[in-house]
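*Asks:* The following file, my_file-v7.txt, comprises compact mmCIF, C-alpha atoms and all ligand atoms:
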# COMPACT_ATOMS: atom_id res chain seq x y z
CA MET C 23 93.33 40.78 72.10
CA PRO C 24 90.24 39.99 70.02
CA GLY C 25 87.50 42.56 70.30
CA SER C 26 89.82 45.25 71.64
CA GLU C 27 89.73 48.80 70.26
CA VAL C 28 92.57 50.33 68.27
CA TYR C 29 93.60 53.42 66.35
CA VAL C 30 95.56 53.00 63.13
CA GLY C 31 98.20 55.53 62.09
CA PHE C 32 99.68 55.90 58.60
CA ASP C 33 102.62 57.83 57.21
CA LEU C 34 102.72 57.92 53.41
CA GLY C 35 106.08 58.81 51.86
CA GLY C 36 107.49 58.45 48.35
CA SER C 37 108.49 54.78 48.67
CA PHE C 38 106.70 53.29 51.69
CA LEU C 39 103.48 53.41 53.63
CA LYS C 40 104.30 53.07 57.30
CA ALA C 41 101.38 51.74 59.29
CA SER C 42 100.87 51.04 62.99
CA SER C 43 98.07 50.11 65.31
CA PHE C 44 97.84 51.69 68.77
CA SER C 45 95.82 51.11 71.91
CA LEU C 46 93.37 53.88 72.84
CA ASP C 47 95.98 55.45 75.12
CA GLY C 48 98.53 55.63 72.29
CA GLU C 49 100.67 52.58 73.09
CA LEU C 50 102.13 50.92 69.99
CA ALA C 51 100.62 47.49 69.24
CA GLU C 52 101.86 46.46 65.80
CA ARG C 53 103.69 48.15 62.96
CA ARG C 54 104.77 47.51 59.40
CA SER C 55 106.39 49.24 56.46
CA ILE C 56 104.70 48.50 53.13
CA ASP C 57 106.15 49.13 49.67
CA SER C 58 104.07 51.78 47.88
CA GLN C 59 106.15 52.21 44.75
CA TRP C 60 103.70 50.17 42.66
CA CYS C 61 100.95 52.75 43.30
CA LEU C 62 100.38 54.83 40.18
CA ARG C 63 96.80 56.09 40.64
CA PRO C 64 94.87 57.48 43.61
CA GLN C 65 92.81 54.26 43.65
CA ASP C 66 96.00 52.20 44.13
CA TYR C 67 96.76 54.24 47.25
CA LEU C 68 93.23 53.71 48.58
CA ASP C 69 93.63 49.95 48.12
CA LEU C 70 96.98 50.10 49.91
CA PHE C 71 95.47 51.97 52.88
CA LYS C 72 92.49 49.60 53.04
CA ASP C 73 94.62 46.43 53.02
CA ALA C 74 96.98 47.82 55.66
CA ALA C 75 94.13 48.92 57.96
CA LYS C 76 92.47 45.53 57.59
CA SER C 77 95.60 43.58 58.44
CA LEU C 78 96.29 45.74 61.52
CA SER C 79 92.76 45.63 62.89
CA SER C 80 91.51 42.23 61.71
CA ASP C 81 89.63 41.12 64.84
CA LYS C 82 89.63 44.49 66.56
CA HIS C 83 87.33 47.46 66.55
CA LEU C 84 88.90 50.32 64.56
CA LYS C 85 88.10 53.57 66.40
CA GLY C 86 89.91 56.07 64.20
CA ILE C 87 92.50 56.48 61.44
CA GLY C 88 95.14 59.19 61.38
CA THR C 89 97.28 59.70 58.33
CA ALA C 90 100.40 61.74 57.62
CA VAL C 91 101.28 62.56 54.02
CA ALA C 92 104.49 63.96 52.53
CA GLY C 93 103.54 67.19 50.83
CA VAL C 94 101.85 70.55 51.10
CA LEU C 95 98.25 70.05 52.25
CA ASP C 96 95.22 72.25 52.32
CA PRO C 97 94.12 71.10 55.77
CA GLU C 98 90.61 72.56 55.45
CA ALA C 99 89.81 70.93 52.12
CA GLY C 100 91.89 67.80 52.76
CA VAL C 101 93.57 68.20 49.36
CA ILE C 102 97.22 67.46 48.66
CA VAL C 103 98.15 70.75 46.99
CA ASP C 104 101.59 69.65 45.92
CA SER C 105 103.75 66.63 46.64
CA PRO C 106 107.02 66.15 44.72
CA ASN C 107 107.36 62.63 46.20
CA LEU C 108 103.77 61.55 45.43
CA PRO C 109 103.04 63.02 41.98
CA ALA C 110 99.97 60.77 41.47
CA LEU C 111 98.32 62.43 44.48
CA SER C 112 99.05 66.09 43.67
CA GLY C 113 95.74 67.96 43.56
CA VAL C 114 93.83 64.89 44.83
CA PRO C 115 91.18 65.28 47.61
CA LEU C 116 92.68 62.33 49.50
CA LEU C 117 90.93 63.05 52.80
CA GLU C 118 87.44 62.84 51.23
CA MET C 119 88.39 59.68 49.33
CA LEU C 120 89.68 58.02 52.50
CA LYS C 121 86.63 59.13 54.46
CA ASP C 122 84.35 57.59 51.80
CA SER C 123 86.27 54.30 51.83
CA PHE C 124 86.43 53.98 55.60
CA ALA C 125 83.06 55.50 56.61
CA PRO C 126 81.86 55.66 59.36
CA ILE C 127 85.34 55.42 60.96
CA PRO C 128 86.62 58.95 61.83
CA LEU C 129 89.63 60.07 59.83
CA GLN C 130 92.31 62.76 60.29
CA MET C 131 95.03 63.90 57.89
CA MET C 132 98.08 66.16 58.31
CA ASN C 133 101.44 66.71 56.66
CA ASP C 134 104.33 64.46 57.63
CA ALA C 135 106.47 67.11 59.36
CA ASN C 136 103.60 68.15 61.63
CA ALA C 137 102.84 64.50 62.36
CA ALA C 138 106.48 63.82 63.27
CA ALA C 139 106.38 66.90 65.52
CA LEU C 140 103.28 65.64 67.39
CA GLY C 141 104.78 62.15 67.65
CA GLU C 142 107.99 63.40 69.27
CA TYR C 143 106.10 65.92 71.43
CA PHE C 144 103.67 63.39 72.91
CA ALA C 145 105.66 60.17 72.81
CA GLY C 146 109.32 60.95 72.09
CA ALA C 147 112.03 63.50 72.85
CA GLY C 148 109.62 66.34 73.64
CA VAL C 149 107.37 64.73 76.26
CA GLU C 150 108.56 66.82 79.18
CA HIS C 151 108.41 70.13 77.32
CA GLU C 152 105.71 72.73 76.84
CA SER C 153 107.08 74.00 73.53
CA MET C 154 109.09 72.09 70.94
CA PHE C 155 110.40 72.86 67.46
CA ILE C 156 111.10 69.85 65.24
CA ILE C 157 113.55 69.91 62.33
CA THR C 158 113.23 67.10 59.77
CA LEU C 159 116.56 66.49 58.04
CA GLY C 160 116.07 64.41 54.90
CA THR C 161 116.37 65.03 51.17
CA GLY C 162 114.79 68.38 52.07
CA VAL C 163 114.48 70.13 55.42
CA GLY C 164 111.13 70.69 57.13
CA GLY C 165 109.97 71.91 60.48
CA GLY C 166 107.08 72.22 62.86
CA PHE C 167 106.38 74.12 66.06
CA VAL C 168 104.27 72.59 68.82
CA VAL C 169 103.18 74.73 71.74
CA ASP C 170 100.92 73.52 74.57
CA GLY C 171 100.22 70.36 72.56
CA GLU C 172 99.04 72.15 69.42
CA ILE C 173 100.79 72.64 66.08
CA TRP C 174 101.33 76.31 65.33
CA SER C 175 100.16 76.27 61.69
CA GLY C 176 100.21 79.96 60.82
CA ALA C 177 97.69 81.84 58.71
CA SER C 178 97.59 79.27 55.90
CA GLY C 179 99.35 76.20 57.29
CA MET C 180 102.80 77.32 56.15
CA ALA C 181 104.42 77.95 59.55
CA GLY C 182 107.62 76.15 60.48
CA GLU C 183 109.30 75.99 57.04
CA ILE C 184 112.76 76.30 58.50
CA GLY C 185 114.34 74.70 55.42
CA HIS C 186 113.57 77.87 53.50
CA MET C 187 114.74 80.28 56.16
CA VAL C 188 117.29 82.53 54.46
CA ILE C 189 120.64 82.21 56.21
CA GLU C 190 122.70 83.92 53.49
CA LYS C 191 121.32 86.78 51.44
CA ASN C 192 121.81 86.14 47.69
CA GLY C 193 123.39 82.81 48.62
CA LYS C 194 123.21 79.45 46.89
CA PRO C 195 120.11 78.74 44.76
CA CYS C 196 117.38 76.60 46.38
CA THR C 197 114.80 74.23 44.87
CA CYS C 198 112.06 76.65 46.02
CA GLY C 199 113.27 79.34 43.61
CA SER C 200 114.81 81.54 46.30
CA ARG C 201 118.48 81.82 47.26
CA GLY C 202 120.41 81.31 50.47
CA CYS C 203 117.89 78.99 52.17
CA LEU C 204 119.13 76.71 54.96
CA GLU C 205 118.15 73.72 52.80
CA ALA C 206 120.57 74.91 50.07
CA TYR C 207 123.43 74.47 52.61
CA PHE C 208 122.40 71.44 54.66
CA SER C 209 120.01 68.83 53.31
CA GLY C 210 120.33 65.51 51.49
CA TRP C 211 120.29 67.21 48.11
CA ALA C 212 122.70 70.01 49.10
CA LEU C 213 125.26 67.54 50.50
CA GLU C 214 124.97 65.49 47.32
CA ARG C 215 125.44 68.61 45.19
CA ASP C 216 128.56 69.62 47.14
CA ALA C 217 130.03 66.12 47.02
CA LYS C 218 129.40 65.85 43.26
CA ALA C 219 131.00 69.25 42.65
CA HIS C 220 134.04 68.08 44.63
CA ALA C 221 134.19 64.82 42.68
CA GLN C 222 134.10 66.71 39.40
CA GLN C 223 136.91 69.01 40.44
CA TYR C 224 139.03 66.28 42.04
CA PRO C 225 138.20 63.01 40.26
CA ASP C 226 141.16 61.27 41.95
CA SER C 227 139.97 62.10 45.47
CA ALA C 228 138.17 59.60 47.71
CA ILE C 229 134.86 61.36 47.01
CA GLY C 230 135.63 61.28 43.27
CA SER C 231 136.18 57.53 43.52
CA LEU C 232 132.78 56.76 45.06
CA ASP C 233 130.48 54.60 42.92
CA ILE C 234 127.38 56.34 44.20
CA ILE C 235 127.54 59.81 45.70
CA SER C 236 124.85 60.18 48.36
CA PRO C 237 124.60 61.55 51.90
CA ILE C 238 125.05 57.95 53.14
CA SER C 239 128.22 57.25 51.14
CA LEU C 240 129.58 60.70 52.07
CA SER C 241 128.97 60.02 55.76
CA GLU C 242 130.61 56.58 55.52
CA LEU C 243 133.64 58.17 53.91
CA ALA C 244 133.78 60.78 56.68
CA SER C 245 133.63 57.97 59.27
CA SER C 246 136.58 56.28 57.57
CA GLY C 247 138.57 59.47 58.18
CA ASP C 248 138.40 61.29 54.82
CA ASP C 249 139.01 64.98 55.52
CA GLU C 250 137.17 66.29 52.47
CA ALA C 251 134.00 64.33 53.25
CA ARG C 252 134.24 65.57 56.83
CA THR C 253 134.60 69.17 55.70
CA ILE C 254 131.44 69.01 53.57
CA LEU C 255 129.43 67.65 56.54
CA GLU C 256 131.02 70.10 58.98
CA ASN C 257 130.21 73.10 56.77
CA GLY C 258 126.65 71.81 56.46
CA GLY C 259 126.44 71.44 60.23
CA TYR C 260 127.60 75.01 60.68
CA ALA C 261 124.78 76.21 58.41
CA LEU C 262 122.25 74.10 60.32
CA GLY C 263 123.49 75.70 63.54
CA ALA C 264 122.82 79.17 62.14
CA GLY C 265 119.22 78.12 61.44
CA ILE C 266 118.91 76.65 64.95
CA ALA C 267 120.26 79.92 66.45
CA ASN C 268 117.50 81.81 64.62
CA ILE C 269 114.87 79.46 66.08
CA MET C 270 116.33 79.91 69.57
CA ASN C 271 116.29 83.71 69.28
CA LEU C 272 112.88 83.87 67.61
CA LEU C 273 110.85 81.29 69.54
CA ASN C 274 113.07 80.12 72.43
CA PRO C 275 111.30 76.71 72.53
CA GLU C 276 112.08 74.42 75.45
CA SER C 277 113.36 71.81 73.02
CA ILE C 278 114.55 71.62 69.43
CA VAL C 279 114.33 68.05 68.16
CA LEU C 280 116.25 66.78 65.12
CA VAL C 281 114.79 63.86 63.15
CA GLY C 282 115.21 62.31 59.69
CA GLY C 283 117.78 60.24 57.82
CA LEU C 284 120.64 62.77 58.05
CA VAL C 285 120.59 62.46 61.84
CA ASN C 286 122.52 59.20 61.32
CA ALA C 287 125.52 61.37 60.35
CA LYS C 288 125.28 63.45 63.54
CA GLU C 289 128.77 62.55 64.76
CA HIS C 290 130.10 64.59 61.81
CA PHE C 291 127.90 67.67 61.92
CA LEU C 292 126.30 68.14 65.35
CA SER C 293 129.28 69.64 67.19
CA PHE C 294 129.71 72.17 64.33
CA ALA C 295 126.03 73.01 64.49
CA GLN C 296 126.44 73.58 68.21
CA MET C 297 129.38 75.90 67.62
CA ALA C 298 127.23 77.96 65.25
CA TRP C 299 124.14 78.13 67.47
CA GLU C 300 126.24 79.14 70.47
CA GLU C 301 127.99 81.87 68.44
CA ASN C 302 124.80 83.22 66.87
CA SER C 303 122.18 83.16 69.60
CA PHE C 304 121.73 84.95 72.90
CA ASP C 305 123.23 82.95 75.80
CA GLN C 306 119.91 83.06 77.61
CA ALA C 307 118.18 81.56 74.53
CA SER C 308 120.73 78.80 73.83
CA SER C 309 121.03 77.80 77.48
CA SER C 310 117.26 77.31 77.82
CA SER C 311 116.43 75.85 74.36
CA LYS C 312 117.84 72.33 74.47
CA VAL C 313 118.67 70.42 71.28
CA PHE C 314 117.84 66.69 71.17
CA VAL C 315 117.85 63.90 68.63
CA GLY C 316 114.36 62.42 68.15
CA LYS C 317 113.49 59.17 69.93
CA LEU C 318 110.95 57.63 67.55
CA GLY C 319 113.13 57.58 64.43
CA GLU C 320 111.17 57.06 61.23
CA TRP C 321 108.03 56.11 63.24
CA ALA C 322 107.35 59.54 64.72
CA GLY C 323 104.89 60.51 61.97
CA VAL C 324 102.72 57.42 62.40
CA ARG C 325 102.40 58.08 66.13
CA GLY C 326 101.72 61.79 65.58
CA ALA C 327 99.02 61.06 62.98
CA ILE C 328 96.71 59.52 65.62
CA GLN C 329 97.33 62.26 68.19
CA PRO C 330 94.18 64.27 67.28
CA PHE C 331 92.07 61.35 68.60
CA LEU C 332 94.06 61.14 71.84
CA SER C 333 93.82 64.92 72.39
CA GLU C 334 90.03 65.01 71.91
ZN ZN P 1 114.33 77.42 49.63
Output the file's structure in the form of structure tokens.
*Replies:*
Amino acid sequence: MPGSEVYVGFDLGGSFLKASSFSLDGELAERRSIDSQWCLRPQDYLDLFKDAAKSLSSDKHLKGIGTAVAGVLDPEAGVIVDSPNLPALSGVPLLEMLKDSFAPIPLQMMNDANAAALGEYFAGAGVEHESMFIITLGTGVGGGFVVDGEIWSGASGMAGEIGHMVIEKNGKPCTCGSRGCLEAYFSGWALERDAKAHAQQYPDSAIGSLDIISPISLSELASSGDDEARTILENGGYALGAGIANIMNLLNPESIVLVGGLVNAKEHFLSFAQMAWEENSFDQASSSSKVFVGKLGEWAGVRGAIQPFLSE
């Protein structure tokens, strides 16, 4: 449709820039996933964004750009305060740089978990619900709370960090420096840690015989019927369920939506998570807070990134 108007959404992670164009009512037009591993300097990222926007809006009028970024953002200043997956952008005022490159096109930026939350709320598993809590299950665990269409950010943008909710006092050490966080029991890195510990102790076991120990290989082994791989995922699921019970009791959202790569292993952990949330929450909370798997998969963040334009 030459001459038509579009929004472009981005979601920048450690390895890929996901980019999509949308009609002005938020319907997906085109999308692509672009390798970003060659980017070493902030300028490389700007070039990447510019090329992607150009290819998605070639003969169309670009009305606005929304971008999600993996990392802790200062939303006021538009600075990436810290991003373990994008070290070249830590401390960089990316929002200003993007605004300068794309002026006068309006630009919005938010962190990737909040973007995924808005995407699922407005166009995925949460569309029918007033309040929704999203849990992102990847290498780490993130979260976001949307109520009446708005992200609940907290006093300094730190709300929703369910991965670092303490579920066991003085428990296992976490990457954040604390102990007993949910993420230290169920996350990509925690599953990998547990599987590697098992392999070290039992080198002749099926887990010990894996070439590469990762959440994916662990899940495949569990699917093939290996009891030890299953146990690791089931224990993780039980810990996740404790975190979900806390969300149900604390916020009682209409929906709790699970997204991220680990969701692919749901057949091994979800029923154990359910056991834990039913045991640990009030019946009235667990019967009214429904748990769903996200509908947009890895594209939720791109859709959520343009939501501020649609909500204007
Ligand atoms: Zn932690």
*Asks:* Using only C-alpha atoms and all ligand atoms, find the one residue out of C:Leu111, C:Leu140, C:Leu213, C:Cys196 that sits nearest to ligand ZN 1 (chain P).
*Replies:* C:Cys196
*Asks:* For CA of Asp96 (chain C) and CA of Gly179 (chain C), quote the distance in Å rounded to one decimal.
*Replies:* 7.6 Å
*Asks:* Please return as a VMD selection string the residues found within 6 Å of ligand ZN 1 (chain P), counting only C-alpha atoms and all ligand atoms.
*Replies:* chain C and resid 186 196 to 198 200 203
*Asks:* Extract, using all atoms listed in the file, all DNA, RNA and protein residues at most 12 Å from Glu150 (chain C), discarding same-chain residues fewer than 6 positions from it, and format them as a list in words.
*Replies:*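 Listing them by chain and then by number gives Glu142, Tyr143, Phe144, Asp170, Gly171, Glu276, Ser277 and Lys312 of chain C.
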*Asks:* Determine, for each residue of region 292-311 of chain C having at least one atom at most 8 Å from an atom of region 262-266 of chain C, the closest pair of atoms and their separation in Å to one decimal, counting all atoms listed in the file; order by chain and ascending number, as CSV.
*Replies:*
residue,atom,partner,partner_atom,distance
C:Phe294,CA,C:Gly263,CA,7.2
C:Ala295,CA,C:Gly263,CA,3.8
C:Gln296,CA,C:Gly263,CA,5.9
C:Met297,CA,C:Gly263,CA,7.2
C:Ala298,CA,C:Gly263,CA,4.7
C:Trp299,CA,C:Gly263,CA,4.7
C:Asn302,CA,C:Ala264,CA,6.5
*Asks:* I'd like the neighbourhood of Ser37 (chain C) as a PyMOL selection string, where a residue qualifies if any of its atoms comes within 7 Å (using all atoms listed in the file), though same-chain residues fewer than 4 positions away should be ignored.
*Replies:* chain C and resi 57-59
*Asks:* Quote the spacing between CA of Gly86 (chain C) and CA of Pro128 (chain C) in Å to one decimal place.
*Replies:*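 According to the coordinates, CA of Gly86 (chain C) and CA of Pro128 (chain C) are separated by 5.0 Å.
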*Asks:* Between CA of Leu84 (chain C) and CA of Arg63 (chain C), what distance in Å does the model show, to one decimal?
*Replies:*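 The value is 25.8 Å.
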*Asks:* Given the choices C:Gly148, C:Gly319, C:Gly164, C:Gly176, which gets closest to Asp134 (chain C) if the distance is worked out from only C-alpha atoms?
*Replies:*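 For Asp134 (chain C), the nearest of the given residues is C:Gly164.
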*Asks:* Counting all atoms listed in the file, which residue out of C:Ala327, C:Glu300, C:Ile278, C:Asn271 sits closest to Ala147 (chain C)?
*Replies:*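 Of all the options, C:Ile278 lies closest to Ala147 (chain C).
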*Asks:* Using only C-alpha atoms, can you tell me which of C:Leu46, C:His83, C:Gly193, C:Ser153 comes closest to Glu334 (chain C)?
*Replies:* C:Leu46
*Asks:* Which residue, C:Gln130, C:Ser308, C:Thr158, C:Ser241, has the smallest gap to Glu256 (chain C) when you use all atoms listed in the file?
*Replies:*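 Nearest candidate to Glu256 (chain C) out of C:Gln130, C:Ser308, C:Thr158, C:Ser241: C:Ser241.
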*Asks:* From the list C:Glu242, C:Ala181, C:Gly202, C:Glu152, which residue is nearest Pro275 (chain C) when using all atoms listed in the file?
*Replies:*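 For Pro275 (chain C), the nearest of the candidates is C:Glu152.
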*Asks:* At a cut-off of 6 Å around the point (109.5, 69.2, 67.8) (file coordinates), what residues fall inside when counting all atoms listed in the file? I'd like the answer as a list in words.
*Replies:*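 Output: Ala139, Tyr143, Met154, Phe155, Ile156, Ile278 and Val279 of chain C.
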*Asks:* Tell me, as a PDB file with C-alpha atoms, in the frame of the given file, which residues lie within 9 Å of Glu118 (chain C), counting all atoms listed in the file; anything in the same chain fewer than 2 positions away does not count.
*Replies:*
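The result, written out as out.pdb:
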ATOM      1  CA  ALA C  99      89.810  70.930  52.120  1.00  0.00           C
ATOM      2  CA  GLY C 100      91.890  67.800  52.760  1.00  0.00           C
ATOM      3  CA  VAL C 101      93.570  68.200  49.360  1.00  0.00           C
ATOM      4  CA  PRO C 115      91.180  65.280  47.610  1.00  0.00           C
ATOM      5  CA  LEU C 116      92.680  62.330  49.500  1.00  0.00           C
ATOM      6  CA  LEU C 120      89.680  58.020  52.500  1.00  0.00           C
ATOM      7  CA  LYS C 121      86.630  59.130  54.460  1.00  0.00           C
ATOM      8  CA  ASP C 122      84.350  57.590  51.800  1.00  0.00           C
ATOM      9  CA  SER C 123      86.270  54.300  51.830  1.00  0.00           C
TER      10      SER C 123
END
*Asks:* With all atoms listed in the file as the counted atoms, please give the residues lying no more than 6 Å from Thr89 (chain C), apart from itself and same-chain residues fewer than 5 positions off, as JSON, numbers by chain.
*Replies:* {"C": [31, 32, 33, 131, 327]}
*Asks:* What's the 8 Å shell around Ile173 (chain C), counting all atoms listed in the file, without same-chain residues fewer than 3 positions away, as JSON, numbers by chain?
*Replies:* {"C": [136, 140, 166, 167, 168, 169]}
